[in-house]
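Heads up, final-v9.cif below (mmCIF, C-alpha atoms):
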data_my_file
loop_
_atom_site.label_atom_id
_atom_site.label_comp_id
_atom_site.auth_asym_id
_atom_site.auth_seq_id
_atom_site.Cartn_x
_atom_site.Cartn_y
_atom_site.Cartn_z
CA MET A 65 -20.62 -16.11 -5.75
CA SER A 66 -18.18 -13.87 -7.63
CA SER A 67 -17.84 -15.13 -11.20
CA TYR A 68 -14.28 -13.85 -11.61
CA LYS A 69 -11.47 -16.37 -11.84
CA VAL A 70 -8.26 -15.05 -10.32
CA LYS A 71 -4.78 -16.48 -10.80
CA GLU A 72 -3.83 -18.88 -8.02
CA THR A 73 -1.17 -17.73 -5.57
CA PRO A 74 1.30 -19.61 -3.35
CA GLY A 75 0.14 -17.83 -0.19
CA ASN A 76 -3.26 -17.45 1.46
CA THR A 77 -4.91 -14.39 -0.12
CA LYS A 78 -8.50 -15.20 0.84
CA TRP A 79 -8.51 -12.88 3.85
CA PHE A 80 -6.59 -10.25 1.91
CA THR A 81 -9.11 -9.93 -0.92
CA HIS A 82 -11.91 -9.81 1.64
CA ASP A 83 -10.41 -7.08 3.83
CA ARG A 84 -9.42 -4.75 0.95
CA PHE A 85 -7.98 -1.89 3.02
CA GLY A 86 -4.71 -1.55 4.93
CA MET A 87 -2.24 0.88 6.48
CA PHE A 88 1.36 1.34 5.34
CA ILE A 89 3.76 2.91 7.85
CA HIS A 90 7.09 4.37 6.68
CA PHE A 91 9.20 5.15 9.73
CA GLY A 92 12.93 5.50 10.19
CA LEU A 93 15.77 7.96 10.73
CA TYR A 94 14.55 9.91 7.68
CA SER A 95 11.70 11.23 9.81
CA MET A 96 14.25 13.53 11.48
CA PRO A 97 15.36 15.57 8.45
CA ALA A 98 11.66 15.39 7.56
CA ARG A 99 12.27 15.63 3.81
CA GLY A 100 11.20 12.16 2.71
CA GLU A 101 12.61 8.65 2.95
CA TRP A 102 15.10 9.08 0.06
CA VAL A 103 16.75 12.15 1.59
CA MET A 104 20.15 10.51 2.01
CA SER A 105 20.37 9.59 -1.66
CA ARG A 106 18.70 12.65 -3.15
CA GLU A 107 20.74 15.12 -1.14
CA ARG A 108 23.93 13.05 -1.48
CA ILE A 109 24.46 13.01 2.28
CA LYS A 110 27.52 11.11 3.41
CA ILE A 111 26.46 8.06 5.36
CA GLU A 112 28.89 8.88 8.15
CA ASP A 113 27.30 12.32 8.52
CA TYR A 114 23.80 10.86 8.30
CA LYS A 115 24.50 8.42 11.12
CA GLU A 116 26.29 10.98 13.26
CA LYS A 117 23.41 13.41 13.03
CA TYR A 118 20.30 11.21 13.03
CA PHE A 119 21.20 7.79 14.45
CA LYS A 120 22.83 9.45 17.42
CA HIS A 121 19.73 11.51 18.26
CA PHE A 122 16.80 9.30 17.19
CA ASN A 123 14.30 9.14 20.04
CA PRO A 124 10.58 8.78 19.15
CA ASP A 125 9.61 9.41 22.75
CA MET A 126 5.93 9.97 21.91
CA PHE A 127 5.58 6.66 20.09
CA ASP A 128 2.57 4.68 21.27
CA ALA A 129 1.90 1.53 19.27
CA LYS A 130 -1.57 1.23 20.76
CA LYS A 131 -2.53 4.67 19.42
CA TRP A 132 -1.21 3.75 15.97
CA ALA A 133 -3.21 0.53 16.02
CA LYS A 134 -6.40 2.25 17.20
CA SER A 135 -6.07 4.87 14.45
CA ALA A 136 -5.77 2.14 11.84
CA LYS A 137 -8.70 0.15 13.18
CA ASP A 138 -10.92 3.23 13.54
CA ALA A 139 -10.17 4.14 9.91
CA GLY A 140 -11.49 0.75 8.81
CA MET A 141 -8.09 -0.71 7.96
CA LYS A 142 -7.76 -4.44 8.43
CA TYR A 143 -4.01 -4.97 8.09
CA ALA A 144 -0.83 -2.94 8.50
CA VAL A 145 2.63 -3.08 6.95
CA LEU A 146 5.58 -1.49 8.80
CA THR A 147 9.01 -0.65 7.39
CA THR A 148 11.23 -2.89 9.49
CA LYS A 149 14.20 -1.66 7.42
CA HIS A 150 14.16 0.93 4.64
CA HIS A 151 16.84 1.74 2.07
CA GLU A 152 18.89 3.67 4.64
CA GLY A 153 19.63 0.31 6.29
CA PHE A 154 18.43 1.33 9.75
CA CYS A 155 16.47 -1.42 11.50
CA LEU A 156 13.43 -0.85 13.71
CA PHE A 157 13.96 -4.31 15.26
CA ASP A 158 16.65 -5.72 17.52
CA SER A 159 18.67 -7.59 14.91
CA LYS A 160 21.71 -9.61 15.96
CA TYR A 161 23.38 -8.92 12.62
CA THR A 162 23.87 -5.16 12.77
CA ASP A 163 24.56 -2.40 15.26
CA TYR A 164 22.58 0.01 13.08
CA LYS A 165 19.31 -0.58 14.89
CA ILE A 166 16.77 1.16 17.05
CA THR A 167 17.85 -0.55 20.28
CA ASN A 168 21.18 1.28 19.95
CA THR A 169 19.53 4.71 19.77
CA PRO A 170 18.37 6.82 22.72
CA PHE A 171 14.94 5.19 22.23
CA GLY A 172 16.41 1.79 23.09
CA ARG A 173 13.38 -0.43 22.42
CA ASP A 174 12.33 -2.94 19.75
CA LEU A 175 9.66 -0.91 17.95
CA VAL A 176 8.68 -3.79 15.69
CA LYS A 177 7.72 -5.92 18.67
CA GLU A 178 5.54 -3.17 20.11
CA PHE A 179 3.93 -2.64 16.71
CA VAL A 180 3.14 -6.33 16.32
CA ASP A 181 1.69 -6.69 19.82
CA ALA A 182 -0.53 -3.60 19.54
CA PHE A 183 -1.87 -4.21 16.04
CA ARG A 184 -2.46 -7.89 16.69
CA ALA A 185 -4.39 -6.97 19.84
CA GLU A 186 -6.71 -4.82 17.70
CA GLY A 187 -7.32 -7.77 15.37
CA LEU A 188 -5.29 -6.42 12.44
CA LYS A 189 -3.15 -8.65 10.25
CA ILE A 190 0.62 -8.04 10.44
CA GLY A 191 2.86 -7.11 7.52
CA PHE A 192 6.60 -6.43 7.38
CA TYR A 193 8.17 -4.21 4.74
CA TYR A 194 11.83 -5.14 4.19
CA SER A 195 14.08 -3.15 1.90
CA LEU A 196 16.31 -5.15 -0.41
CA LEU A 197 18.50 -2.05 -0.68
CA ASP A 198 20.83 -1.15 2.15
CA TRP A 199 22.97 1.96 1.85
CA GLU A 200 24.75 1.33 5.16
CA ASN A 201 25.78 -2.31 4.79
CA GLU A 202 29.44 -2.72 3.86
CA ASN A 203 28.74 -5.63 1.50
CA PHE A 204 25.95 -3.98 -0.49
CA PRO A 205 27.49 -3.03 -3.88
CA ILE A 206 27.28 0.64 -4.81
CA ASP A 207 24.72 1.15 -7.58
CA ILE A 208 22.59 3.77 -9.36
CA ASN A 209 20.54 4.44 -6.20
CA HIS A 210 23.37 4.42 -3.67
CA PRO A 211 24.45 7.68 -1.96
CA ARG A 212 28.09 6.59 -2.13
CA GLN A 213 28.08 6.76 -5.92
CA TRP A 214 28.69 10.50 -5.53
CA TYR A 215 31.80 10.10 -3.37
CA GLU A 216 35.13 10.88 -5.06
CA ASP A 217 36.48 7.50 -3.95
CA ALA A 218 33.29 5.56 -4.82
CA LYS A 219 35.14 3.00 -6.94
CA LYS A 220 37.60 2.27 -4.16
CA LEU A 221 34.79 2.06 -1.59
CA ASP A 222 33.07 -0.57 -3.72
CA GLU A 223 36.08 -2.86 -3.82
CA GLY A 224 35.53 -6.01 -1.83
CA ARG A 225 31.79 -5.61 -1.51
CA ASP A 226 30.30 -9.07 -1.80
CA MET A 227 26.69 -9.52 -2.91
CA LYS A 228 26.64 -13.12 -1.70
CA LYS A 229 27.54 -11.99 1.80
CA TYR A 230 24.86 -9.31 1.63
CA VAL A 231 22.23 -11.85 0.58
CA GLU A 232 23.24 -13.97 3.57
CA TYR A 233 22.74 -10.89 5.74
CA MET A 234 19.21 -10.45 4.35
CA LYS A 235 18.49 -14.12 4.85
CA ASN A 236 19.56 -13.91 8.50
CA GLN A 237 17.44 -10.83 9.14
CA LEU A 238 14.41 -12.35 7.42
CA THR A 239 14.85 -15.38 9.69
CA GLU A 240 14.65 -13.04 12.68
CA LEU A 241 11.56 -11.28 11.34
CA MET A 242 9.81 -14.53 10.46
CA THR A 243 10.56 -16.36 13.73
CA ASN A 244 10.66 -13.75 16.52
CA TYR A 245 7.24 -12.13 16.17
CA GLY A 246 4.67 -14.88 15.75
CA LYS A 247 2.52 -15.30 12.67
CA ILE A 248 3.37 -12.80 9.93
CA ASP A 249 0.74 -12.31 7.24
CA ILE A 250 2.58 -10.21 4.62
CA LEU A 251 6.18 -9.76 3.49
CA TRP A 252 6.45 -6.53 1.49
CA ALA A 253 9.91 -6.73 -0.13
CA ASP A 254 11.14 -3.59 -1.92
CA TYR A 255 12.46 -3.46 -4.69
CA SER A 256 14.18 -4.69 -7.90
CA TYR A 257 15.74 -2.58 -10.66
CA SER A 258 17.26 -4.93 -13.21
CA GLU A 259 16.32 -2.75 -16.18
CA LEU A 260 18.08 0.55 -16.79
CA PRO A 261 15.77 3.54 -16.31
CA ASP A 262 16.29 6.51 -18.63
CA TRP A 263 17.44 8.78 -15.83
CA ALA A 264 20.23 6.38 -14.85
CA GLU A 265 21.98 6.07 -18.22
CA ILE A 266 24.50 8.80 -17.50
CA ARG A 267 25.26 7.29 -14.08
CA ILE A 268 26.13 3.96 -15.64
CA LYS A 269 28.24 5.65 -18.29
CA ASN A 270 30.19 7.62 -15.69
CA ASN A 271 30.62 4.64 -13.35
CA PRO A 272 31.55 1.61 -15.48
CA TRP A 273 33.05 -0.09 -12.41
CA MET A 274 29.62 -0.66 -10.82
CA GLN A 275 28.87 -4.31 -10.19
CA PHE A 276 25.98 -5.80 -12.20
CA GLY A 277 25.93 -2.66 -14.33
CA GLY A 278 24.69 -0.70 -11.34
CA LEU A 279 21.45 -2.68 -11.34
CA LYS A 280 19.95 -5.38 -9.15
CA GLY A 281 17.18 -7.91 -9.77
CA LYS A 282 16.12 -11.43 -8.92
CA ASP A 283 19.51 -12.96 -9.79
CA GLN A 284 21.39 -10.59 -7.50
CA TRP A 285 18.88 -10.92 -4.64
CA GLN A 286 18.76 -14.70 -5.15
CA SER A 287 15.03 -14.15 -4.95
CA GLU A 288 13.90 -17.73 -5.38
CA GLU A 289 16.05 -18.84 -2.46
CA LEU A 290 14.84 -15.97 -0.26
CA ILE A 291 11.19 -16.68 -1.08
CA ASN A 292 11.54 -20.38 -0.32
CA HIS A 293 13.34 -19.53 2.90
CA VAL A 294 10.55 -17.20 4.05
CA ARG A 295 7.80 -19.67 3.13
CA SER A 296 9.57 -22.45 5.03
CA MET A 297 9.03 -20.39 8.19
CA GLN A 298 5.66 -18.78 7.35
CA PRO A 299 3.85 -21.12 4.91
CA GLU A 300 0.69 -19.00 4.56
CA ILE A 301 2.44 -15.65 4.19
CA ILE A 302 1.61 -13.30 1.32
CA ILE A 303 4.64 -12.02 -0.61
CA ASN A 304 4.60 -9.18 -3.14
CA ASN A 305 6.14 -9.14 -6.62
CA ARG A 306 9.09 -6.83 -5.96
CA LEU A 307 11.66 -9.59 -5.67
CA GLU A 308 11.07 -9.76 -9.45
CA ILE A 309 9.34 -13.12 -9.18
CA GLU A 310 5.55 -13.06 -9.31
CA GLN A 311 4.11 -14.33 -6.04
CA ASP A 312 0.85 -13.29 -4.37
CA ILE A 313 0.37 -9.54 -4.88
CA VAL A 314 1.03 -7.21 -7.79
CA THR A 315 1.80 -3.75 -6.36
CA PRO A 316 1.22 -0.65 -8.53
CA GLU A 317 2.63 2.39 -6.73
CA GLN A 318 1.24 5.91 -6.69
CA TRP A 319 -1.12 5.36 -9.62
CA GLN A 320 -4.73 4.31 -9.81
CA PRO A 321 -5.56 1.35 -12.08
CA THR A 322 -8.81 1.75 -14.00
CA ASP A 323 -9.39 -1.95 -14.58
CA TRP A 324 -8.52 -5.28 -12.98
CA ILE A 325 -4.78 -5.90 -13.39
CA THR A 326 -3.95 -9.01 -15.40
CA ASP A 327 -0.92 -11.25 -15.78
CA LYS A 328 1.17 -10.03 -18.70
CA GLU A 329 1.77 -13.54 -20.00
CA THR A 330 -1.44 -15.45 -19.28
CA GLY A 331 -4.00 -12.64 -19.21
CA GLU A 332 -5.38 -13.98 -15.92
CA LYS A 333 -6.74 -11.56 -13.35
CA VAL A 334 -4.32 -11.23 -10.43
CA VAL A 335 -4.49 -10.28 -6.77
CA TRP A 336 -3.33 -6.67 -6.62
CA GLU A 337 -2.88 -3.82 -4.21
CA THR A 338 -2.16 -0.18 -4.99
CA CYS A 339 0.07 1.58 -2.46
CA GLN A 340 -0.66 5.27 -2.05
CA THR A 341 0.29 8.21 0.15
CA PHE A 342 -1.82 10.86 1.82
CA SER A 343 0.63 13.40 0.44
CA GLY A 344 3.51 13.16 -2.02
CA SER A 345 5.95 11.53 0.40
CA TRP A 346 6.23 8.17 2.11
CA GLY A 347 8.39 9.24 5.02
CA TYR A 348 7.39 12.22 7.16
CA HIS A 349 7.81 15.46 5.21
CA ARG A 350 7.21 18.58 7.25
CA ASP A 351 7.06 21.00 4.30
CA GLU A 352 5.16 18.87 1.78
CA HIS A 353 1.74 20.37 1.06
CA THR A 354 0.16 18.28 -1.72
CA TRP A 355 -2.15 16.41 0.64
CA LYS A 356 -5.11 14.70 -0.97
CA SER A 357 -8.62 16.06 -0.42
CA PRO A 358 -11.17 14.04 1.58
CA LYS A 359 -13.10 13.21 -1.59
CA MET A 360 -9.97 12.03 -3.38
CA LEU A 361 -9.17 9.71 -0.47
CA ILE A 362 -12.58 8.05 -0.64
CA ASP A 363 -12.57 7.97 -4.45
CA MET A 364 -9.28 6.06 -4.39
CA LEU A 365 -10.67 3.37 -2.12
CA VAL A 366 -13.88 3.01 -4.10
CA ASN A 367 -12.11 3.00 -7.47
CA THR A 368 -9.67 0.36 -6.27
CA VAL A 369 -12.27 -2.10 -5.00
CA SER A 370 -14.46 -1.52 -8.07
CA CYS A 371 -11.52 -2.87 -10.10
CA GLY A 372 -11.00 -5.91 -7.88
CA GLY A 373 -8.04 -4.53 -5.91
CA ASN A 374 -6.84 -3.58 -2.43
CA LEU A 375 -5.74 -0.15 -1.22
CA ILE A 376 -2.95 0.40 1.30
CA MET A 377 -2.60 4.01 2.46
CA ASN A 378 0.65 5.26 3.95
CA VAL A 379 1.32 7.23 7.11
CA GLY A 380 4.75 8.73 7.81
CA PRO A 381 5.02 9.35 11.58
CA THR A 382 7.01 12.29 12.93
CA SER A 383 10.43 11.60 14.43
CA ARG A 384 8.84 11.82 17.88
CA GLY A 385 6.68 8.87 16.90
CA TYR A 386 3.18 10.25 16.49
CA PHE A 387 0.90 10.82 13.48
CA ASP A 388 0.75 14.56 12.80
CA LYS A 389 -2.55 16.42 12.48
CA ARG A 390 -2.62 16.17 8.68
CA ALA A 391 -2.34 12.40 8.86
CA GLU A 392 -4.89 12.20 11.67
CA ASP A 393 -7.34 14.30 9.63
CA ALA A 394 -6.88 12.04 6.62
CA LEU A 395 -7.47 8.93 8.71
CA LYS A 396 -10.56 10.58 10.17
CA VAL A 397 -11.97 10.92 6.64
CA TYR A 398 -11.82 7.16 6.26
CA GLU A 399 -13.19 6.60 9.75
CA ASN A 400 -16.24 8.79 9.08
CA TRP A 401 -16.96 7.14 5.73
CA MET A 402 -16.21 3.51 6.59
CA LYS A 403 -18.37 3.69 9.73
CA TYR A 404 -21.41 3.74 7.45
CA ASN A 405 -20.21 2.36 4.11
CA SER A 406 -17.72 -0.40 4.87
CA ARG A 407 -20.21 -3.03 3.70
CA SER A 408 -19.58 -1.84 0.15
CA ILE A 409 -15.82 -2.47 0.60
CA TYR A 410 -15.24 -5.55 2.77
CA GLY A 411 -15.93 -8.78 0.96
CA CYS A 412 -16.60 -6.88 -2.27
CA THR A 413 -15.07 -6.84 -5.71
CA MET A 414 -15.70 -5.71 -9.27
CA ALA A 415 -19.39 -6.00 -10.21
CA GLU A 416 -20.59 -8.67 -12.59
CA PRO A 417 -20.05 -7.72 -16.26
CA GLU A 418 -23.81 -7.44 -16.90
CA PHE A 419 -23.97 -4.40 -14.61
CA LYS A 420 -22.62 -1.28 -16.27
CA ALA A 421 -21.72 1.70 -14.13
CA PRO A 422 -23.70 4.81 -15.13
CA ARG A 423 -21.69 7.93 -15.76
CA GLY A 424 -20.26 9.36 -12.54
CA THR A 425 -20.60 6.12 -10.56
CA ARG A 426 -18.52 3.10 -9.57
CA LEU A 427 -19.89 -0.35 -8.83
CA THR A 428 -18.80 -2.91 -6.27
CA GLN A 429 -20.54 -6.19 -5.52
CA SER A 430 -20.44 -8.59 -2.60
CA ASP A 431 -18.48 -11.79 -3.22
CA ASP A 432 -21.62 -13.85 -2.73
CA GLY A 433 -23.30 -11.88 -5.52
CA LYS A 434 -26.29 -10.90 -3.39
CA ARG A 435 -25.71 -7.14 -3.16
CA LEU A 436 -24.71 -4.51 -5.68
CA TYR A 437 -23.29 -1.19 -4.49
CA ILE A 438 -23.66 1.94 -6.59
CA HIS A 439 -21.15 4.58 -5.49
CA LEU A 440 -22.21 8.09 -6.48
CA ILE A 441 -18.81 9.61 -7.29
CA GLU A 442 -20.53 12.47 -9.12
CA TYR A 443 -23.85 13.28 -7.52
CA PRO A 444 -26.67 12.85 -10.05
CA TYR A 445 -29.70 15.12 -10.37
CA ALA A 446 -33.06 13.50 -9.59
CA ASN A 447 -32.64 10.30 -11.62
CA LEU A 448 -30.06 7.55 -12.02
CA VAL A 449 -30.52 4.86 -14.65
CA VAL A 450 -28.83 1.47 -14.33
CA GLU A 451 -29.01 -1.07 -17.12
CA ASN A 452 -29.74 -4.80 -16.84
CA LEU A 453 -31.10 -4.49 -13.33
CA LYS A 454 -34.89 -4.67 -13.68
CA ASN A 455 -35.16 -8.45 -13.33
CA ARG A 456 -32.53 -8.65 -10.60
CA ILE A 457 -33.49 -5.95 -8.10
CA GLU A 458 -35.39 -6.77 -4.93
CA TYR A 459 -34.89 -3.66 -2.77
CA ALA A 460 -32.67 -0.56 -2.66
CA GLN A 461 -31.52 1.79 0.08
CA PHE A 462 -28.86 4.36 0.83
CA LEU A 463 -26.22 2.47 2.74
CA HIS A 464 -25.23 5.25 5.14
CA ASP A 465 -28.67 5.57 6.76
CA GLY A 466 -30.71 2.66 5.45
CA SER A 467 -33.29 4.96 3.85
CA GLU A 468 -35.24 3.51 0.95
CA VAL A 469 -34.35 4.54 -2.57
CA ILE A 470 -37.43 4.40 -4.78
CA TYR A 471 -36.94 2.90 -8.20
CA GLU A 472 -39.00 1.88 -11.19
CA GLY A 473 -38.43 -0.25 -14.25
CA ASP A 474 -39.60 1.20 -17.54
CA THR A 475 -39.00 -0.04 -21.05
CA ASP A 476 -39.47 3.54 -22.30
CA LEU A 477 -36.84 5.10 -20.06
CA HIS A 478 -34.61 5.82 -23.04
CA THR A 479 -37.33 8.02 -24.52
CA TYR A 480 -38.21 9.75 -21.26
CA LEU A 481 -34.61 10.56 -20.40
CA SER A 482 -33.27 11.08 -23.92
CA VAL A 483 -30.47 8.59 -23.41
CA GLU A 484 -29.67 5.41 -25.26
CA MET A 485 -30.30 2.23 -23.30
CA ASP A 486 -29.23 -1.34 -23.98
CA GLY A 487 -32.26 -3.61 -23.85
CA GLU A 488 -35.40 -3.29 -21.76
CA ASN A 489 -34.00 -4.17 -18.36
CA SER A 490 -33.16 -0.72 -17.05
CA VAL A 491 -34.07 0.66 -13.66
CA LYS A 492 -34.50 4.34 -12.78
CA PHE A 493 -33.63 5.36 -9.23
CA LYS A 494 -35.16 8.53 -7.85
CA ILE A 495 -32.36 10.46 -6.17
CA PRO A 496 -32.83 13.44 -3.82
CA THR A 497 -32.27 16.68 -5.73
CA TYR A 498 -30.04 18.04 -2.97
CA GLU A 499 -26.60 16.57 -2.39
CA LEU A 500 -26.49 14.30 0.64
CA ASP A 501 -24.14 15.02 3.52
CA MET A 502 -21.85 12.10 2.70
CA ILE A 503 -18.83 11.82 0.42
CA ASP A 504 -19.66 9.40 -2.39
CA PRO A 505 -22.99 8.14 -1.00
CA VAL A 506 -23.73 4.49 -1.77
CA ILE A 507 -26.94 2.85 -2.97
CA GLU A 508 -27.17 -0.72 -1.71
CA VAL A 509 -29.18 -2.94 -4.06
CA PHE A 510 -30.44 -6.30 -2.79
CA LEU A 511 -30.41 -8.69 -5.72
CA LYS A 512 -32.71 -11.58 -6.47
#
As structure tokens, how would this structure be written, given the file I've shared?
Amino acid sequence: MSSYKVKETPGNTKWFTHDRFGMFIHFGLYSMPARGEWVMSRERIKIEDYKEKYFKHFNPDMFDAKKWAKSAKDAGMKYAVLTTKHHEGFCLFDSKYTDYKITNTPFGRDLVKEFVDAFRAEGLKIGFYYSLLDWENENFPIDINHPRQWYEDAKKLDEGRDMKKYVEYMKNQLTELMTNYGKIDILWADYSYSELPDWAEIRIKNNPWMQFGGLKGKDQWQSEELINHVRSMQPEIIINNRLEIEQDIVTPEQWQPTDWITDKETGEKVVWETCQTFSGSWGYHRDEHTWKSPKMLIDMLVNTVSCGGNLIMNVGPTSRGYFDKRAEDALKVYENWMKYNSRSIYGCTMAEPEFKAPRGTRLTQSDDGKRLYIHLIEYPYANLVVENLKNRIEYAQFLHDGSEVIYEGDTDLHTYLSVEMDGENSVKFKIPTYELDMIDPVIEVFLK
């Protein structure tokens, strides 16, 4: 069994840390301008104009939840998180508490329901992203992220906005999401900003009338109450840390941890998930060209699991509701790799401390401790030496085709290879001198 002790969580994370790999889906009106999900704020678009142009014409007529679900499953993803409401305030579900919802667009259907039914039918766990921000709601106070901060009459527009009423609005919508769609496995709340970022200092200075100093955190969201409310309806649900109260998942965004993330106060290892994009945008961005290479996509998954974490990769569907070719190609990379190598990901975690990853490799190990996986991130030439393995190894093979990898233990390896070794327990694997036709090939070691 894995020897790592992880901080206990309120929700059920056992399945989560086994499955390791999920799909994020950012979808909303912002898919129409196709310049990212923050387009309204970044381009200072008036909300009235935004709604007139995009809400009026939103019609993802090519949306097929079954195709989305099949793409996720084929890619080896085990759970999916959908943006039920992003910062723009537009809801993909048929909420009773707003008219700003997908059932009032030309599309006219509850997309969240179709998502849930299709993904659940494929055996994937269900997650709901819910934005704490809402740039459309009349009670949401204008702050450092709000598009209305740029209006000439922003101060006047903020008068009468009541955070308590807005929290009640969130509570009502969360009730709908937690009770109308069956068992929900993840609530991905997003996000808190109670500390002033450097870029926002001038905004605060120029807008002293902003409530809460233009910031919002757990006190404004009434996070403890919201969390308890959600858990009363979905007791086993996993909740992230973005309500500014640590819960089940720590969520680094758009960066790759190089070690197991720990609790800042206790030092305990935590359950964590890095959220990443195929390109530089979360929402569909037609003209964005910094798409990650196939190798980078696989490296990210391997690196994450080798540090005891989960990876959730984002897709931003087009406004017509399908995954564009770039996204399909990226998902195909995972499909082709996971078909053969998923055993080194599912039910795996950081390798035991006694095993040290040779240069250019990453290690994962099955939770039961019986198999060690050596991921060849940089393809070695002829030989690969792994320390502290001689008395533990029973058999070795390449995972993708089950072909034997010959190895030998030799106390004089450090002399033969001109490298320093720790102890006399090293094993030398004989690796083909040509690079195999597989991104990051994996050696599966059966342990005694």
Which is closest to Phe122 of chain A among A:Leu146, A:Ile109, A:Ile457, A:Met96, if we use all atoms listed in the file?
A:Met96
Excluding Pro299 of chain A and any residue of its chain fewer than 5 positions from it, enumerate the residues within 12 Å of it, using only C-alpha atoms, and give them as a ChimeraX atom specification.
/A:74-76,242,247-251,291-294
Could you pull the residues within 9 Å of segment 215-220 of chain A, counting all atoms listed in the file, minus those fewer than 4 positions along the same chain, as a ChimeraX atom specification?
/A:108,110,206,211,224,271,273-274
From A:Met126, A:Leu365, A:Ala264, A:Met234, residue lying nearest Asn405 of chain A [only C-alpha atoms]
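Looking at the shortest contact to Asn405 of chain A, the residue is A:Leu365.
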So what does the PyMOL selection byres ((chain A and resi 353) around 12) actually pick up in this one, as a ChimeraX atom specification?
/A:99,342-345,348-352,354-357,390-391
For segment 164-174 of chain A, find every residue with an atom within 7 Å (counting all atoms listed in the file), except residues of its own chain fewer than 5 positions away, and show them as a list in words.
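My reading of the contact set: Phe119, Lys120, His121, Phe122, Asn123, Pro124, Asp125, Phe154, Cys155, Leu156, Phe157 and Asp158 of chain A.
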At what distance in Å, to one decimal, does atom CA of Tyr194 of chain A lie from atom CA of Ala253 of chain A?
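Result for atom CA of Ala253 of chain A versus atom CA of Tyr194 of chain A: 5.0 Å, one decimal.
When all atoms listed in the file are used to measure the gap to Leu307 of chain A, the shortest distance among A:Lys333, A:Lys115, A:Lys177, A:Lys282 belongs to A:Lys282.
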Given the choices A:Arg426, A:Lys434, A:Lys420, A:Lys78, which gets closest to Pro505 of chain A if the distance is worked out from only C-alpha atoms?
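Checking each of A:Arg426, A:Lys434, A:Lys420, A:Lys78 against Pro505 of chain A, counting only C-alpha atoms, the winner is A:Arg426.
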Working from the structure I just supplied, which lacks atoms in segment 328-338 of chain A, can you model N, CA, C and O atoms there and output them as an mmCIF file, in the frame of the given file?
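Ended up saving to rebuild-v3.cif:
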data_model
loop_
_atom_site.group_PDB
_atom_site.id
_atom_site.type_symbol
_atom_site.label_atom_id
_atom_site.label_comp_id
_atom_site.auth_asym_id
_atom_site.auth_seq_id
_atom_site.Cartn_x
_atom_site.Cartn_y
_atom_site.Cartn_z
ATOM 1 N N LYS A 328 0.711 -10.438 -17.370
ATOM 2 C CA LYS A 328 1.170 -10.030 -18.700
ATOM 3 C C LYS A 328 1.305 -11.201 -19.664
ATOM 4 O O LYS A 328 1.157 -11.032 -20.874
ATOM 5 N N GLU A 329 1.571 -12.379 -19.135
ATOM 6 C CA GLU A 329 1.770 -13.540 -20.000
ATOM 7 C C GLU A 329 0.487 -14.334 -20.224
ATOM 8 O O GLU A 329 0.180 -14.723 -21.352
ATOM 9 N N THR A 330 -0.267 -14.582 -19.163
ATOM 10 C CA THR A 330 -1.440 -15.450 -19.280
ATOM 11 C C THR A 330 -2.752 -14.692 -19.472
ATOM 12 O O THR A 330 -3.746 -15.278 -19.890
ATOM 13 N N GLY A 331 -2.760 -13.409 -19.128
ATOM 14 C CA GLY A 331 -4.000 -12.640 -19.210
ATOM 15 C C GLY A 331 -4.936 -12.871 -18.047
ATOM 16 O O GLY A 331 -6.027 -12.278 -17.992
ATOM 17 N N GLU A 332 -4.533 -13.700 -17.084
ATOM 18 C CA GLU A 332 -5.380 -13.980 -15.920
ATOM 19 C C GLU A 332 -5.460 -12.764 -14.999
ATOM 20 O O GLU A 332 -4.497 -12.014 -14.860
ATOM 21 N N LYS A 333 -6.607 -12.593 -14.377
ATOM 22 C CA LYS A 333 -6.740 -11.560 -13.350
ATOM 23 C C LYS A 333 -5.871 -11.954 -12.156
ATOM 24 O O LYS A 333 -5.783 -13.129 -11.801
ATOM 25 N N VAL A 334 -5.223 -10.956 -11.540
ATOM 26 C CA VAL A 334 -4.320 -11.230 -10.430
ATOM 27 C C VAL A 334 -4.804 -10.535 -9.161
ATOM 28 O O VAL A 334 -5.627 -9.620 -9.205
ATOM 29 N N VAL A 335 -4.282 -10.982 -8.028
ATOM 30 C CA VAL A 335 -4.490 -10.280 -6.770
ATOM 31 C C VAL A 335 -3.578 -9.054 -6.792
ATOM 32 O O VAL A 335 -2.380 -9.174 -7.044
ATOM 33 N N TRP A 336 -4.155 -7.879 -6.547
ATOM 34 C CA TRP A 336 -3.330 -6.670 -6.620
ATOM 35 C C TRP A 336 -3.693 -5.684 -5.520
ATOM 36 O O TRP A 336 -4.787 -5.715 -4.964
ATOM 37 N N GLU A 337 -2.720 -4.831 -5.238
ATOM 38 C CA GLU A 337 -2.880 -3.820 -4.210
ATOM 39 C C GLU A 337 -2.135 -2.556 -4.652
ATOM 40 O O GLU A 337 -0.947 -2.618 -4.971
ATOM 41 N N THR A 338 -2.830 -1.435 -4.693
ATOM 42 C CA THR A 338 -2.160 -0.180 -4.990
ATOM 43 C C THR A 338 -1.725 0.479 -3.688
ATOM 44 O O THR A 338 -2.490 0.569 -2.730
#
